[in-house]
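> This is the structure, below, for whatever I ask next.
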Amino acid sequence: MAQIPIVPNTLSIALQNQTSSSTVYAYITGQAINNNNRVALLQSDGRTVYYPDSPPNNGTPLARNVAIALGAPGNTVTVQIPQMAGGRVWFSIDRPLTFLLNPGPGLVEPSVTNPSDPNINISWSFCEFTFNSSQLFANISYVDFVCLPIALTLTSNNGIPTQHVSGMPADGLARVCNGLRAQTAADGRRWSSLIVQSNGEDLRALAPSNGISMNPSWFATYWTDYVNQVWARYASTALTINTQAAFGAVNGQVGSAGFLDFGAAGTFAKPTALDIFSCNTGPFATGANAERNVIIPRLAAAFNRSTLLLANSFPNGVSPANYYQNPTTNHYARVVHAANLDGKGYAFPYDDVTPDGGVPQEGAVNSGSPALWTIAVGGQNAHA
């Protein structure tokens, strides 16, 4: 009889310091699934969960120490978490992060777009996870920015093979920043402006959507010619989106009114640069139409990867070798993937769109029988 995966109520996480610093902190936040989805943070002992009460004022400091010190380079600290939704494991180097509380309680997390954020000049990053009664699902993410290298390794019970996401090497941020500077030298666009410095040193690289949120004129006309070419192409031929869902393959075509029309799934206006980079505004905003909601990720991914002029069917008509080949593309995503040792990691929100039977790009691990999840920060000893 086949074994039925049993997901434990708690999970061990091995946090590894693979930086060159002895001052590295980890933080674990999320919503406690078995405690009414309350805001939950792991305390500094790596075992005790802190459920903050609703404070009377915005910006209230936490009442517990939630900074888990990782010790010297090469050291591993093993912690234990309950089942959590919307989880993040955060890391900072040289200084601890500041988390605050608003009434609710609402957790005020570190921000890379708020100049007054207390963490704005700190080197920090995070990975994401959900750990519930069905599985552990975790991924590295560059959707918002690039800073610290993070690698994931997941061992499981019941004979499930070990899974590994390599992340970037120790000089990953430098590779990304060099790539962005080279792209600006090539096309004169604002790629190098996405690099944030502190004391003359590269601190992080912002995703284009975050750059635009603070500087709306950046990339304003960047996608215009490409979008016009796409619209011209699909005025005379059908664009097929394989929804990889019950809706099957859905055809759309640009009509006389200038909209890309998918019938029951609705029409799509020409997207702007912000729409494309963010994947969630303008024509890519999701809503009540379920068919449209499964078209959006596949269409948005095809724009970011600039594959819409290479085939007529997506995502199955193209492969990763075709991604980012047009001069007008999401060069941030291209550079980020190139900087990862296995080429994987969410570089835009729908980077998990994959052709049927294709190679995933998002850098995720998952298991219905997780045994130990190892997270290494810093990129030392990183391997594919």
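Here, A, B, ... name the chains of the structure tokens in the order displayed, residue numbers run from 1 inside each chain, and ligands are numbered from 1 in the same displayed order.
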Within 8 Å of segment 281-302 of chain A, which residues of segment 133-244 of chain A come that close, and what is the closest atom pair and distance in Å for each? Count only C-alpha atoms and give it as a Markdown table.

| residue | atom | partner | partner_atom | distance |
| --- | --- | --- | --- | --- |
| A:Ile241 | CA | A:Ile295 | CA | 6.6 |
| A:Asn242 | CA | A:Ile295 | CA | 8.0 |
| A:Thr243 | CA | A:Val294 | CA | 5.8 |
> Could you please write out, as a ChimeraX atom specification, every residue of segment 79-246 of chain A that DSSP assigns to helix (DSSP H, G or I)?
/A:172-187,190-194,208-214,224-233
> With N, CA and C atoms retained, export the selected residues as a tab-separated table (two decimals), in the first residue's frame.

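Heads up, here's the output in part_25.tsv:
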chain	number	residue	atom	x	y	z
A	172	GLY	N	26.91	37.66	-5.80
A	172	GLY	CA	25.71	37.73	-6.63
A	172	GLY	C	25.21	39.14	-6.86
A	173	LEU	N	25.16	39.94	-5.81
A	173	LEU	CA	24.69	41.32	-5.97
A	173	LEU	C	25.60	42.08	-6.93
A	174	ALA	N	26.90	41.90	-6.81
A	174	ALA	CA	27.83	42.57	-7.72
A	174	ALA	C	27.58	42.15	-9.16
A	175	ARG	N	27.29	40.87	-9.38
A	175	ARG	CA	27.00	40.39	-10.73
A	175	ARG	C	25.75	41.06	-11.28
A	176	VAL	N	24.72	41.18	-10.44
A	176	VAL	CA	23.48	41.82	-10.88
A	176	VAL	C	23.72	43.28	-11.20
A	177	CYS	N	24.41	43.98	-10.30
A	177	CYS	CA	24.66	45.41	-10.52
A	177	CYS	C	25.51	45.63	-11.76
A	178	ASN	N	26.51	44.79	-11.97
A	178	ASN	CA	27.34	44.92	-13.17
A	178	ASN	C	26.50	44.69	-14.43
A	179	GLY	N	25.59	43.73	-14.36
A	179	GLY	CA	24.73	43.46	-15.50
A	179	GLY	C	23.80	44.62	-15.81
A	180	LEU	N	23.27	45.24	-14.77
A	180	LEU	CA	22.38	46.38	-14.97
A	180	LEU	C	23.14	47.57	-15.54
A	181	ARG	N	24.35	47.79	-15.05
A	181	ARG	CA	25.15	48.89	-15.58
A	181	ARG	C	25.50	48.64	-17.05
A	182	ALA	N	25.81	47.41	-17.37
A	182	ALA	CA	26.14	47.08	-18.76
A	182	ALA	C	24.93	47.28	-19.67
A	183	GLN	N	23.74	46.98	-19.17
A	183	GLN	CA	22.55	47.16	-19.99
A	183	GLN	C	22.26	48.63	-20.23
A	184	THR	N	22.47	49.45	-19.22
A	184	THR	CA	22.29	50.89	-19.42
A	184	THR	C	23.30	51.42	-20.44
A	185	ALA	N	24.52	50.92	-20.37
A	185	ALA	CA	25.53	51.34	-21.36
A	185	ALA	C	25.10	50.93	-22.76
A	186	ALA	N	24.34	49.82	-22.86
A	186	ALA	CA	23.94	49.32	-24.17
A	186	ALA	C	22.73	50.03	-24.74
A	187	ASP	N	21.74	50.36	-23.87
A	187	ASP	CA	20.50	50.92	-24.41
A	187	ASP	C	20.12	52.29	-23.85
A	190	ARG	N	17.11	53.10	-17.83
A	190	ARG	CA	17.35	53.36	-16.41
A	190	ARG	C	17.74	52.13	-15.59
A	191	TRP	N	18.27	51.11	-16.21
A	191	TRP	CA	18.60	49.89	-15.47
A	191	TRP	C	19.58	50.16	-14.33
A	192	SER	N	20.61	50.93	-14.59
A	192	SER	CA	21.59	51.20	-13.52
A	192	SER	C	21.03	52.07	-12.42
A	193	SER	N	19.95	52.80	-12.71
A	193	SER	CA	19.32	53.62	-11.68
A	193	SER	C	18.61	52.76	-10.64
A	194	LEU	N	18.40	51.50	-10.95
A	194	LEU	CA	17.76	50.59	-10.00
A	194	LEU	C	18.72	50.20	-8.87
A	208	PRO	N	12.30	46.66	-11.40
A	208	PRO	CA	11.80	47.83	-12.14
A	208	PRO	C	10.48	48.38	-11.62
A	209	SER	N	9.58	47.50	-11.18
A	209	SER	CA	8.29	47.99	-10.66
A	209	SER	C	8.49	48.87	-9.46
A	210	ASN	N	9.46	48.56	-8.60
A	210	ASN	CA	9.73	49.41	-7.45
A	210	ASN	C	10.41	50.71	-7.87
A	211	GLY	N	11.28	50.62	-8.87
A	211	GLY	CA	11.90	51.85	-9.38
A	211	GLY	C	10.85	52.79	-9.93
A	212	ILE	N	9.89	52.25	-10.68
A	212	ILE	CA	8.83	53.08	-11.27
A	212	ILE	C	7.92	53.64	-10.18
A	213	SER	N	7.67	52.87	-9.12
A	213	SER	CA	6.77	53.35	-8.06
A	213	SER	C	7.32	54.61	-7.41
A	214	MET	N	8.64	54.75	-7.38
A	214	MET	CA	9.25	55.94	-6.79
A	214	MET	C	9.60	56.99	-7.83
A	224	THR	N	6.79	50.67	-25.39
A	224	THR	CA	5.81	51.15	-26.37
A	224	THR	C	5.95	50.48	-27.73
A	225	ASP	N	7.14	50.47	-28.31
A	225	ASP	CA	7.33	49.90	-29.65
A	225	ASP	C	7.04	48.40	-29.65
A	226	TYR	N	7.50	47.71	-28.60
A	226	TYR	CA	7.28	46.27	-28.54
A	226	TYR	C	5.78	45.95	-28.44
A	227	VAL	N	5.07	46.68	-27.58
A	227	VAL	CA	3.64	46.46	-27.44
A	227	VAL	C	2.93	46.72	-28.78
A	228	ASN	N	3.33	47.77	-29.46
A	228	ASN	CA	2.72	48.07	-30.76
A	228	ASN	C	2.97	46.94	-31.77
A	229	GLN	N	4.15	46.36	-31.74
A	229	GLN	CA	4.45	45.24	-32.63
A	229	GLN	C	3.58	44.02	-32.29
A	230	VAL	N	3.40	43.79	-31.00
A	230	VAL	CA	2.55	42.67	-30.57
A	230	VAL	C	1.11	42.89	-31.04
A	231	TRP	N	0.62	44.09	-30.87
A	231	TRP	CA	-0.76	44.39	-31.27
A	231	TRP	C	-0.93	44.24	-32.80
A	232	ALA	N	0.08	44.67	-33.53
A	232	ALA	CA	0.01	44.54	-34.99
A	232	ALA	C	0.02	43.07	-35.41
A	233	ARG	N	0.82	42.28	-34.76
A	233	ARG	CA	0.90	40.85	-35.09
A	233	ARG	C	-0.44	40.16	-34.87
> How would you write, as a PyMOL selection string, the set of residues in segment 88-267 of chain A that DSSP gives as strand (DSSP E)?
chain A and resi 88-93+100-102+106-108+123-131+136-140+145-146+150-156+163-165+195-198+201-206+239-242+249-254+260-261+267
> Taking 4 positions as the minimum chain separation for residues in the same chain, which residues sit within 9 Å of segment 305-312 of chain A when counting only C-alpha atoms? Answer as a PyMOL selection string.
chain A and resi 226+229-230+233-234+237-241+299-301+317-318+320+322-331+333-334
> Go through A:Gly59, A:Pro103, A:Gly368, A:Pro96 and flag the residue nearest Ser133 of chain A, using only C-alpha atoms for the distances.
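Closest to Ser133 of chain A, using only C-alpha atoms: A:Gly368.
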> For Thr29 of chain A, find every residue with an atom within 10 Å (counting only C-alpha atoms), except residues of its own chain fewer than 5 positions away, and show them as a list in words.
Val39, Ala40, Leu41, Leu42, Gln43, Val49, Tyr50, Val66, Ile81, Met84, Ala85, Gly86, Gly87, Arg88, Val89, Trp90, Leu107, Glu109, Glu128 and Phe129 of chain A
> Write out the residues from the selection above, keeping N, CA, C and O atoms, as a compact mmCIF listing (two decimals), in the first residue's frame.

# COMPACT_ATOMS: atom_id res chain seq x y z
N VAL A 39 -1.09 36.95 13.64
CA VAL A 39 0.27 37.37 13.32
C VAL A 39 1.23 36.65 14.26
O VAL A 39 1.01 36.62 15.48
N ALA A 40 2.25 36.03 13.70
CA ALA A 40 3.17 35.23 14.49
C ALA A 40 4.61 35.53 14.11
O ALA A 40 4.93 35.67 12.92
N LEU A 41 5.46 35.62 15.10
CA LEU A 41 6.90 35.80 14.89
C LEU A 41 7.62 34.83 15.82
O LEU A 41 7.22 34.65 16.98
N LEU A 42 8.68 34.21 15.33
CA LEU A 42 9.47 33.33 16.17
C LEU A 42 10.41 34.18 17.03
O LEU A 42 11.05 35.11 16.53
N GLN A 43 10.48 33.85 18.31
CA GLN A 43 11.35 34.62 19.21
C GLN A 43 12.80 34.18 19.05
O GLN A 43 13.13 33.22 18.35
N VAL A 49 6.90 31.01 20.02
CA VAL A 49 6.20 31.86 19.06
C VAL A 49 5.60 33.05 19.79
O VAL A 49 4.99 32.91 20.85
N TYR A 50 5.78 34.21 19.23
CA TYR A 50 5.25 35.47 19.77
C TYR A 50 4.03 35.86 18.96
O TYR A 50 4.11 36.03 17.74
N VAL A 66 12.88 39.16 18.60
CA VAL A 66 12.63 38.17 17.54
C VAL A 66 13.85 38.01 16.63
O VAL A 66 13.74 37.39 15.56
N ILE A 81 9.26 25.77 13.72
CA ILE A 81 8.11 26.64 13.48
C ILE A 81 6.82 25.84 13.46
O ILE A 81 6.82 24.64 13.14
N MET A 84 2.36 27.70 9.20
CA MET A 84 2.22 29.12 8.97
C MET A 84 1.85 29.39 7.52
O MET A 84 2.32 28.68 6.61
N ALA A 85 1.04 30.40 7.29
CA ALA A 85 0.72 30.89 5.95
C ALA A 85 1.40 32.24 5.75
O ALA A 85 1.66 32.96 6.72
N GLY A 86 1.67 32.57 4.49
CA GLY A 86 2.28 33.87 4.21
C GLY A 86 3.59 34.07 4.94
O GLY A 86 3.92 35.18 5.37
N GLY A 87 4.36 32.99 5.06
CA GLY A 87 5.58 33.06 5.86
C GLY A 87 6.77 33.66 5.12
O GLY A 87 6.88 33.55 3.90
N ARG A 88 7.62 34.27 5.90
CA ARG A 88 8.90 34.76 5.37
C ARG A 88 10.00 34.47 6.38
O ARG A 88 9.79 34.58 7.59
N VAL A 89 11.17 34.10 5.84
CA VAL A 89 12.38 34.01 6.65
C VAL A 89 13.30 35.13 6.18
O VAL A 89 13.70 35.16 5.01
N TRP A 90 13.56 36.05 7.08
CA TRP A 90 14.34 37.25 6.77
C TRP A 90 15.76 37.09 7.30
O TRP A 90 15.98 36.44 8.33
N LEU A 107 1.56 43.82 11.12
CA LEU A 107 3.01 43.84 11.21
C LEU A 107 3.58 44.78 10.16
O LEU A 107 3.28 44.64 8.96
N GLU A 109 6.52 45.59 8.10
CA GLU A 109 7.73 44.91 7.69
C GLU A 109 8.74 45.88 7.08
O GLU A 109 8.37 46.98 6.66
N GLU A 128 10.39 33.06 0.97
CA GLU A 128 8.97 32.96 1.28
C GLU A 128 8.57 31.50 1.47
O GLU A 128 9.16 30.60 0.87
N PHE A 129 7.53 31.27 2.28
CA PHE A 129 7.08 29.89 2.46
C PHE A 129 5.63 29.85 2.93
O PHE A 129 5.10 30.80 3.50
